[in-house]
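Asks: The structure follows.
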Amino acid sequence: MAMRNPVHPGAIVREDCLKPLALSVSEGAKRLGVGRQTLSHLVNEKASVSIEMAYRLSKAFGSTPETWLGMQLAFDLARHRHLQQEIKVERIVAA
């Protein structure tokens, strides 16, 4: 079952990964091997978790890439749930 209002994965990185370790965005970016702006966009919920970032986060914080990508997918699906009603396509079945 899909979560109704999942949290953006960037908020998880900010609150559950960086803050408990007292890491600034600059230091976190350095440790992840990405630019400061890249991590800043993620933790400020302006960017999505990419496949590459999912691998970096999993290595740095001990989770799996699938976990990070799953959080991003859940967030994106919830944010765009309105499309289910707006897109008018009929089921295609074999004749």
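Naming scheme: A, B, ... for chains in displayed order of the structure tokens; residues 1 onward per chain; ligands 1 onward as shown.
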Enumerate, as a ChimeraX atom specification, the complete set of residues in chain A that a backbone-based DSSP assignment places in helix (DSSP H, G or I).
Replies: /A:9-18,25-32,36-43,51-61,65-79,83-86
Asks: Quick one: distance from atom CA of A:Ser48 to atom CA of A:Arg36 in Å, one decimal?
Replies: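 Spanning atom CA of A:Ser48 to atom CA of A:Arg36 is a straight-line distance of 15.1 Å.
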Asks: How many Å separate atom CA of A:Ile92 from atom CA of A:Leu77?
Replies: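 Distance between the two atoms: 22.7 Å.
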Asks: Considering only C-alpha atoms, state which residue in the set A:Arg14, A:Arg79, A:Arg4, A:Arg91 is at the smallest distance from A:Leu42.
Replies: A:Arg14
Asks: Can you list, as a PyMOL selection string, every protein, DNA or RNA residue that comes within 12 Å of A:Gln37 when you count only C-alpha atoms, leaving out same-chain residues fewer than 5 positions away?
Replies: chain A and resi 25-30+42-44+46-47
Asks: Need to verify the contact set: A:Leu18, 12 Å, only C-alpha atoms, exclusion of same-chain residues closer than 2 positions in sequence. Can you return it as a list in words?
Replies: Gly10, Ala11, Ile12, Val13, Arg14, Glu15, Asp16, Pro20, Leu21, Ala22, Leu23, Ser24, Val25, Ser26, Glu27, Gly28, Ala29, Arg31, Leu32, Leu39, Ser40, Val43, Leu57, Ala60 and Phe61 of chain A
Asks: Could you tell me how far atom CA of A:Asn5 lies from atom CA of A:Phe75, in Å and to one decimal?
Replies: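 Going from atom CA of A:Asn5 over to atom CA of A:Phe75, I get 7.4 Å.
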Asks: Nearest to A:Ser63: which of A:Val34, A:Cys17, A:Ile87, A:Ala78 is it, counting only C-alpha atoms?
Replies: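 Nearest candidate to A:Ser63 out of A:Val34, A:Cys17, A:Ile87, A:Ala78: A:Cys17.
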Asks: Give the answer as one residue: which of A:Ser50, A:Glu90, A:Ala95, A:His41 has the shortest atom-to-atom distance to A:Leu73, using only C-alpha atoms?
Replies: A:Ser50
Asks: With only C-alpha atoms as the counted atoms, please give the residues lying no more than 12 Å from A:Ser58, apart from itself and same-chain residues fewer than 5 positions off, as a PyMOL selection string.
Replies: chain A and resi 13+17+32+49+51-53+63-69
